[in-house]
Amino acid sequence: MKLKQLAFLLPFVAVTANAEDIVISTDNNALVYNVADNGRVYQKYFGKKLKNASDYASMPNGQEIYITSGMEDYYEPALHIVHADGNPSTLLTYTGHKTSTLADGAKQTVISLSDKEYSDNVDVYFIVYPEHDIIKTYTTITNGEKKPIKLEKFASSMLHFDNGDYYLTQFNGDWASEANMSETKLEYGRKQLDTKLGARANMFCSPFFQLGIDSPAKENSGDLLVGTLGWTGNFRFTFEVDHKGELRVISGINPYASSRILKKGETFSTPEFIFTLSDEGQGKASRNFHDWARDHQLYKGNDTRMTLLNNWEATYFDFDENKLVNLIGEAKELGVDMFLLDDGWFGNKYPRHSDTQGLGDWDETKNKLPNGIGALTDAAKKNGVKFGLWIEPEMVNPKSELYEKHKDWVITLPNRDEYYFRNQLVLDLSNPKVQDYVFDIVDGLKTKYPDIAFFKWDCNSPITNIYSNYEKMDQDHLYVDYVKGLYNVLDRIQAKYPDLLMMMCSGGGGRSDYEGLKYFTEFWPSDNTDPIERLYIQWGFSQIFPAKTLCAHVTTWNRSTPVKFRTNVAMMGKLGFDLKLDDMSKDEVAYCKRAIKNYNSLKPVILEGDQYRLVSPYEGEHAATMYVGKNDGDAVLFTFDIYPRYKQQITKSESTVKLNGLNPSARYAVTEIDRTDGKDSKIGEYSGEYLMQVGIPLFTLNRLNSRVFSIKKI
């Protein structure tokens, strides 16, 4: 491959570069900045790491590291400060840099910049995980003036490219249709991906993207930037191609309605922008993220995950203690690790019989649970399963005791009719009293019922009626302070209950970010559990997140689909069930029991191994994904025939699946497992080279057909 395809060189800037290069490198890539004679810092290279670092000195400088508003640049800036005297311009020059090693082995480089006229300081942080080819970057902005300043824009990252073409893949949709992938070629002008929803920020647009350099994104080839923002709130990605064909990528908090007043000496830290550069397409970029996340970012990232039985689709709001105890018994019979009680267990003045009331009143409904949650944790312990509980502590129904007592805790306009999303409003987490209240919900339940092992933490509404009684005249601080307040609560919970596991849920994939996953072991990608739709939804989320973070349940959605198909789709994530055994035949129940045992034996490969997306559901009526154990270990392959046409002819090449990630020199036994008849079927023995270069016919013309294959070294 030519150097031009590997390295994103930037155009010459009319300044003379000196020898002060700052090289930020992973095992395979390098991001290089230069301190020019004018004292400003420029990005000069971003691409494949060169063996001889001295070669970077020969490269011309490109654009500035962190372009500011009000100076000579004509396009979107990364930073816009309005100074105390009203001057909207900032000029940043280099004051120093330092590199250190962090406790987890990551390498940190901090480039310090300052506006000498106003004494405001910006530190640009780069945290590098060399073996994973992952870089995190963020900025801190400090007011060095005597009076307050106003931050209008404050990006976490700014990256520059000068290539022939750029292809942006975005992940957007709506409730029950999350993370749909679509690709657009970027032309002159500005393209923005953003959200203004606040609490349920990612309902329409997910906080990550892929950028194909010179060619569209491909699974196993091509240069690709993949980035995501670690922020559980409003974000914005800006992609701007200028008149010269150069591209700037700006990532950070959405500045919409979020200007920030910084008092004298005050510092504001932006969230982390996390990115990787791959010259082997989407697959390599995904595996970079998956490995890094398990090792460095996810809460209990290298621990296993529990299978579960949820009551929601079995009962909805219509349950009592006896029904739940029976379901706990079904959890034991199925062989899952945990029973999860979903919405509908709380409220007495306004019992939670639907989503119209009770939210905010976290006491057990007496006529449903006369013996409280304790009777259920006791039943779970008796049956040898863990107990989990649904909560939505950031929200309130207007028809609730909490709303009646503390309307001042609610985000709502003082002089307008209230607008309700899902019959609820959002509590004001910018308020420390509300933070205490939300912490006390979890603390109170854990104190009273210490056997609660898991919380499903839901967040079903975006922020509506946008006004904070606490922020008063600083309303533009609400969106940011809300998220900071949420993190304060989660920090306190994690410190007091380090063994407590939690699912991040938000009406589906409304929360799907890596900062949230510092506190949650997993997240709920979508309320849509139709297995065909889930093939697409999980395909999208897998571009960024490892399988162990994706909760995938077998439910009654699309009941015409065989239970095996539904289960096999769910086995590609963190497996759960959400149904009643009485709704299934004896054969189906027997299959599910065997499938759980199979899944438990496959967990180390699925949850910890390398994922290879082989055949995309976007490209036809079939799909295939495999997981390979670390160090060329054993593998498991899932194949799906969705809706081939009636009597459609299928050629050998169309039915053939080429595998990936195996040792070409090793030999493997391929066996179909997880069959409905309970019997394994040996397919054959092959070299790794044969399986990857030639492949074997595994697709069929059967509709809604799924197969699972064990691939073991001989």
# chains A, B, ... in the order shown; residues from 1 in each chain; ligands from 1
call {"tool": "select_by_dssp", "arguments": {"residues": "region 1-140 of chain A", "states": "helix (DSSP H, G or I)", "output": "list in words"}}
result
Leu3, Lys4, Gln5, Leu6, Ala53, Ser54, Asp55, Tyr56, Ala57, Ser58, Pro130, Glu131 and His132 of chain A
call {"tool": "select_by_dssp", "arguments": {"residues": "region 221-404 of chain A", "states": "strand (DSSP E or B)", "output": "PyMOL selection string"}}
result
chain A and resi 222-230+235-241+246-253+260-262+267-269+272-278+280+308-310+338-341+346+364+386-391+395-396
call {"tool": "residues_around", "arguments": {"residues": "region 162-165 of chain A", "least_positions_apart": "2", "cutoff": "12 Å", "atoms": "only C-alpha atoms", "output": "PyMOL selection string"}}
result
chain A and resi 4-12+43-47+61-63+159-160+167-168+184-188+211-217+223-224+240-249
call {"tool": "closest_residue", "arguments": {"among": "A:Trp292, A:Pro255, A:Thr270, A:Tyr612", "to": "Val128 (chain A)", "atoms": "only C-alpha atoms"}}
result
A:Trp292
call {"tool": "residues_around", "arguments": {"residues": "Ala570 (chain A)", "least_positions_apart": "2", "cutoff": "12 Å", "atoms": "only C-alpha atoms", "output": "compact mmCIF listing (two decimals) with C-alpha atoms, in the first residue's frame"}}
result
# COMPACT_ATOMS: atom_id res chain seq x y z
CA THR A 307 -28.11 -14.82 32.25
CA LEU A 308 -31.56 -13.84 33.49
CA PRO A 525 -29.78 -1.69 22.97
CA THR A 529 -36.62 -7.74 20.55
CA ASP A 530 -37.96 -8.98 17.24
CA PRO A 531 -35.02 -11.25 16.33
CA ILE A 532 -34.84 -10.10 12.71
CA GLU A 533 -34.69 -6.46 13.75
CA ARG A 534 -32.17 -7.36 16.43
CA LEU A 535 -29.80 -8.74 13.79
CA ILE A 537 -29.57 -3.41 15.79
CA GLN A 538 -26.88 -5.64 17.29
CA ALA A 547 -20.88 -8.57 23.02
CA LYS A 548 -20.86 -8.61 26.82
CA LEU A 550 -25.32 -5.85 24.68
CA CYS A 551 -28.33 -7.20 26.60
CA ALA A 552 -30.26 -9.49 24.25
CA HIS A 553 -33.47 -11.20 25.38
CA VAL A 554 -35.61 -13.99 24.01
CA THR A 555 -39.18 -12.65 24.06
CA VAL A 563 -37.68 -19.99 19.53
CA LYS A 564 -34.32 -21.35 18.38
CA PHE A 565 -33.87 -18.45 15.95
CA ARG A 566 -34.82 -15.96 18.68
CA THR A 567 -32.43 -17.60 21.13
CA ASN A 568 -29.51 -17.78 18.72
CA MET A 572 -24.65 -13.22 20.36
CA GLY A 573 -24.91 -10.79 23.29
CA LYS A 574 -25.65 -11.09 27.00
CA LEU A 575 -28.40 -13.69 26.98
CA GLY A 576 -31.69 -13.21 28.81
CA PHE A 577 -35.28 -14.44 28.63
CA ASP A 578 -38.48 -12.44 28.94
CA CYS A 592 -34.17 -23.33 25.94
CA ALA A 595 -29.42 -23.52 24.92
CA ILE A 596 -28.62 -21.90 28.27
CA TYR A 599 -24.40 -20.54 26.05
CA ILE A 606 -18.57 -14.95 22.91
CA PHE A 638 -23.78 -18.17 14.15
CA SER A 706 -30.48 -20.43 12.45
call {"tool": "closest_residue", "arguments": {"among": "A:Tyr256, A:Phe237, A:Tyr118, A:Tyr33", "to": "His83 (chain A)", "atoms": "only C-alpha atoms"}}
result
A:Tyr118
call {"tool": "residues_around", "arguments": {"residues": "region 678-692 of chain A", "least_positions_apart": "5", "cutoff": "10 Å", "atoms": "only C-alpha atoms", "output": "list in words"}}
result
Ala590, Tyr591, Arg594, Ala595, Val657, Lys658, Leu659, Asn660, Gly661, Leu662, Asn663, Pro664, Ser665, Ala666, Arg667, Tyr668, Ala669, Val670, Thr671, Glu672, Ile673, Leu698, Phe709, Ser710, Ile711, Lys712, Lys713 and Ile714 of chain A
call {"tool": "closest_residue", "arguments": {"among": "A:Val694, A:Tyr403, A:Ser177, A:Pro604", "to": "Asn528 (chain A)", "atoms": "only C-alpha atoms"}}
result
A:Ser177
call {"tool": "residues_around", "arguments": {"residues": "Ser258 (chain A)", "least_positions_apart": "2", "cutoff": "8 Å", "atoms": "only C-alpha atoms", "output": "count of residues only"}}
result
10
call {"tool": "atom_distance", "arguments": {"atom1": "CA of Val32 (chain A)", "atom2": "CA of Phe275 (chain A)"}}
result
15.3 Å
call {"tool": "residues_around", "arguments": {"residues": "Tyr299 (chain A)", "least_positions_apart": "4", "cutoff": "7 Å", "atoms": "only C-alpha atoms", "output": "number ranges by chain"}}
result
A: 517-521
call {"tool": "closest_residue", "arguments": {"among": "A:Lys399, A:Leu607, A:Phe208, A:Asp320", "to": "Glu364 (chain A)", "atoms": "only C-alpha atoms"}}
result
A:Asp320
call {"tool": "atom_distance", "arguments": {"atom1": "CA of Pro562 (chain A)", "atom2": "CA of Gly508 (chain A)"}}
result
23.5 Å
call {"tool": "atom_distance", "arguments": {"atom1": "CA of Leu425 (chain A)", "atom2": "CA of Glu515 (chain A)"}}
result
23.8 Å
